[in-house]
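Presented below is the structure to which this report refers.
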Amino acid sequence: MTSESPDGSNCSNSSARIERINPDTLPRPSGFAHAVVAGELVFLAGQTGMDATGGIVQGGLLPQFEQALSNLLAALAAAGGRPEHLTKVTIYIVNVPAYREMAREIGAVWRRLAGRDYPAAAGIGVARLWDDEALVEIDGIAVVPARKSV
């Protein structure tokens, strides 16, 4: 995992208020950080069904949702958080009717990976996502109590 200060250097000053986190288990970001920590707040970048090699997982909406949520939770864990610390998620959906049809299966994936401490959430239909093959993207905000600054 890399941790950087606002100017891009490694964060070693205890007075630093913002920390950018990019876990090694996720593809290296270009032009963004996977997580940005400001005090107890953790802002989580949008995660798609991109696997560690940088490709979108195959198999449709459900495997992509599972990968996207796994990626979001990996970024949260790298910032010292757990699923119950999520306070807000936004789910961007390319095909809302398909998402609705799979709501029960998607809910089962959520409960298996994140438990039953549900955050505030919004589902937003979009025409497309950054990666043409991506069907869903999830971003979020978490509050991680008593997190120690780097």
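In the structure tokens, chains take letters A, B, ... by order of appearance, with residues numbered from 1 within each chain and ligands from 1 in the order shown.
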
All strand (DSSP E or B) positions in stretch 38-136 of chain A, as an MDAnalysis selection string
chainID A and resid 38 41:47 50 56 86:93 120:125 136

Take the residues just selected and output them with C-alpha atoms as a short mmCIF file (atom, residue, chain, number, x, y, z; two decimals), in the first residue's frame.
data_model
loop_
_atom_site.label_atom_id
_atom_site.label_comp_id
_atom_site.auth_asym_id
_atom_site.auth_seq_id
_atom_site.Cartn_x
_atom_site.Cartn_y
_atom_site.Cartn_z
CA ALA A 38 -9.37 13.42 6.14
CA LEU A 41 -13.65 10.60 7.09
CA VAL A 42 -12.66 8.23 4.30
CA PHE A 43 -13.73 9.15 0.78
CA LEU A 44 -13.74 6.09 -1.47
CA ALA A 45 -13.25 6.45 -5.22
CA GLY A 46 -15.64 4.82 -7.62
CA GLN A 47 -14.85 1.14 -8.07
CA MET A 50 -12.02 -4.24 -12.52
CA ILE A 56 -13.34 -5.90 -16.16
CA LEU A 86 -19.55 2.90 5.47
CA THR A 87 -21.98 5.79 5.87
CA LYS A 88 -22.89 6.54 2.23
CA VAL A 89 -22.57 4.71 -1.07
CA THR A 90 -23.62 5.67 -4.56
CA ILE A 91 -24.15 2.92 -7.09
CA TYR A 92 -23.97 3.96 -10.74
CA ILE A 93 -25.90 1.52 -12.92
CA ALA A 120 -27.32 5.47 3.20
CA ALA A 121 -27.38 4.66 -0.51
CA ALA A 122 -28.39 5.96 -3.90
CA GLY A 123 -28.70 4.09 -7.16
CA ILE A 124 -28.28 6.24 -10.25
CA GLY A 125 -28.87 5.16 -13.84
CA VAL A 136 -21.79 -0.86 -12.33
#

State, in Å with one decimal place, the distance from atom CA of A:Pro83 to atom CA of A:Ala114.
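Going from atom CA of A:Pro83 over to atom CA of A:Ala114 covers 5.1 Å.
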
Counting only C-alpha atoms, the residue of A:Gly60, A:Pro29, A:Gly80, A:Gly54 that sits nearest A:Asp131
A:Gly54

If you run DSSP on the backbone, which residues of chain A are helix (DSSP H, G or I), as a ChimeraX atom specification?
/A:61-78,83-85,96-101,103-114

Output file for the residues above (N, CA and C atoms, as a CSV table (one decimal), in the first residue's frame):
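Contents of result37.csv, freshly written:
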chain,number,residue,atom,x,y,z
A,61,LEU,N,-23.6,-8.5,-14.8
A,61,LEU,CA,-23.8,-7.5,-13.7
A,61,LEU,C,-23.4,-8.1,-12.3
A,62,LEU,N,-23.8,-9.3,-12.0
A,62,LEU,CA,-23.6,-9.8,-10.7
A,62,LEU,C,-22.1,-10.0,-10.3
A,63,PRO,N,-21.3,-10.6,-11.2
A,63,PRO,CA,-19.9,-10.7,-10.9
A,63,PRO,C,-19.2,-9.3,-10.9
A,64,GLN,N,-19.7,-8.4,-11.7
A,64,GLN,CA,-19.1,-7.0,-11.7
A,64,GLN,C,-19.5,-6.3,-10.4
A,65,PHE,N,-20.7,-6.5,-9.9
A,65,PHE,CA,-21.1,-5.9,-8.7
A,65,PHE,C,-20.2,-6.4,-7.5
A,66,GLU,N,-20.1,-7.7,-7.5
A,66,GLU,CA,-19.3,-8.3,-6.4
A,66,GLU,C,-17.8,-7.8,-6.5
A,67,GLN,N,-17.2,-7.7,-7.7
A,67,GLN,CA,-15.9,-7.2,-7.8
A,67,GLN,C,-15.8,-5.8,-7.4
A,68,ALA,N,-16.8,-5.0,-7.8
A,68,ALA,CA,-16.8,-3.5,-7.5
A,68,ALA,C,-16.9,-3.3,-6.0
A,69,LEU,N,-17.8,-4.1,-5.3
A,69,LEU,CA,-17.9,-4.0,-3.9
A,69,LEU,C,-16.7,-4.5,-3.2
A,70,SER,N,-16.1,-5.6,-3.6
A,70,SER,CA,-14.8,-6.1,-3.1
A,70,SER,C,-13.7,-5.0,-3.2
A,71,ASN,N,-13.6,-4.4,-4.3
A,71,ASN,CA,-12.6,-3.3,-4.5
A,71,ASN,C,-12.9,-2.2,-3.5
A,72,LEU,N,-14.1,-1.7,-3.4
A,72,LEU,CA,-14.4,-0.6,-2.5
A,72,LEU,C,-14.0,-1.0,-1.1
A,73,LEU,N,-14.4,-2.2,-0.6
A,73,LEU,CA,-14.0,-2.7,0.7
A,73,LEU,C,-12.5,-2.8,0.9
A,74,ALA,N,-11.8,-3.2,-0.2
A,74,ALA,CA,-10.3,-3.3,-0.1
A,74,ALA,C,-9.7,-1.9,0.2
A,75,ALA,N,-10.3,-0.9,-0.6
A,75,ALA,CA,-9.8,0.5,-0.4
A,75,ALA,C,-10.1,0.9,1.1
A,76,LEU,N,-11.3,0.6,1.5
A,76,LEU,CA,-11.7,1.0,2.9
A,76,LEU,C,-10.8,0.3,3.9
A,77,ALA,N,-10.5,-1.0,3.7
A,77,ALA,CA,-9.7,-1.7,4.7
A,77,ALA,C,-8.3,-1.1,4.7
A,78,ALA,N,-7.8,-0.7,3.5
A,78,ALA,CA,-6.4,-0.1,3.5
A,78,ALA,C,-6.4,1.2,4.2
A,83,PRO,N,-16.5,-2.7,6.8
A,83,PRO,CA,-17.8,-2.4,6.1
A,83,PRO,C,-18.8,-1.6,7.0
A,84,GLU,N,-18.8,-1.9,8.3
A,84,GLU,CA,-19.8,-1.2,9.1
A,84,GLU,C,-19.5,0.3,9.3
A,85,HIS,N,-18.3,0.8,8.8
A,85,HIS,CA,-17.9,2.2,8.8
A,85,HIS,C,-18.5,2.9,7.6
A,96,VAL,N,-30.5,-0.1,-15.4
A,96,VAL,CA,-31.3,-0.1,-14.1
A,96,VAL,C,-32.3,-1.3,-14.1
A,97,PRO,N,-33.1,-1.6,-15.2
A,97,PRO,CA,-34.0,-2.7,-15.1
A,97,PRO,C,-33.3,-4.0,-14.8
A,98,ALA,N,-32.1,-4.3,-15.4
A,98,ALA,CA,-31.4,-5.5,-15.1
A,98,ALA,C,-30.9,-5.5,-13.6
A,99,TYR,N,-30.5,-4.4,-13.1
A,99,TYR,CA,-30.1,-4.3,-11.7
A,99,TYR,C,-31.3,-4.6,-10.8
A,100,ARG,N,-32.5,-4.0,-11.1
A,100,ARG,CA,-33.7,-4.3,-10.3
A,100,ARG,C,-34.0,-5.8,-10.3
A,101,GLU,N,-33.9,-6.4,-11.5
A,101,GLU,CA,-34.2,-7.9,-11.7
A,101,GLU,C,-33.3,-8.7,-10.8
A,103,ALA,N,-31.9,-7.7,-7.9
A,103,ALA,CA,-31.8,-7.0,-6.6
A,103,ALA,C,-31.6,-8.1,-5.5
A,104,ARG,N,-32.3,-9.2,-5.5
A,104,ARG,CA,-32.2,-10.2,-4.5
A,104,ARG,C,-30.8,-10.8,-4.5
A,105,GLU,N,-30.2,-11.1,-5.6
A,105,GLU,CA,-28.9,-11.6,-5.7
A,105,GLU,C,-27.8,-10.6,-5.3
A,106,ILE,N,-28.0,-9.4,-5.7
A,106,ILE,CA,-27.1,-8.3,-5.4
A,106,ILE,C,-27.1,-8.1,-3.9
A,107,GLY,N,-28.3,-8.1,-3.3
A,107,GLY,CA,-28.4,-8.0,-1.8
A,107,GLY,C,-27.7,-9.1,-1.1
A,108,ALA,N,-27.8,-10.3,-1.6
A,108,ALA,CA,-27.1,-11.4,-1.0
A,108,ALA,C,-25.5,-11.2,-1.1
A,109,VAL,N,-25.0,-10.7,-2.2
A,109,VAL,CA,-23.6,-10.4,-2.3
A,109,VAL,C,-23.3,-9.3,-1.3
A,110,TRP,N,-24.1,-8.3,-1.2
A,110,TRP,CA,-23.8,-7.2,-0.2
A,110,TRP,C,-23.7,-7.8,1.2
A,111,ARG,N,-24.7,-8.6,1.6
A,111,ARG,CA,-24.7,-9.1,3.0
A,111,ARG,C,-23.5,-10.0,3.2
A,112,ARG,N,-23.1,-10.8,2.2
A,112,ARG,CA,-22.0,-11.7,2.4
A,112,ARG,C,-20.7,-10.9,2.5
A,113,LEU,N,-20.5,-9.9,1.8
A,113,LEU,CA,-19.2,-9.1,1.8
A,113,LEU,C,-19.2,-8.0,2.9
A,114,ALA,N,-20.4,-7.3,3.1
A,114,ALA,CA,-20.4,-6.1,3.9
A,114,ALA,C,-21.3,-6.3,5.1

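Between atom CA of A:Leu135 and atom CA of A:Ala52 the interatomic distance comes to 17.4 Å.
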
Give the answer as one residue: which of A:Ile21, A:Val126, A:Ala134, A:Ala146 has the shortest atom-to-atom distance to A:His34, using only C-alpha atoms?
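Nearest candidate to A:His34 out of A:Ile21, A:Val126, A:Ala134, A:Ala146: A:Ile21.
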
Between atom CA of A:Glu40 and atom CA of A:Glu19, measure the distance and give it in Å to one decimal.
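Between these atoms lies a distance of 11.1 Å.
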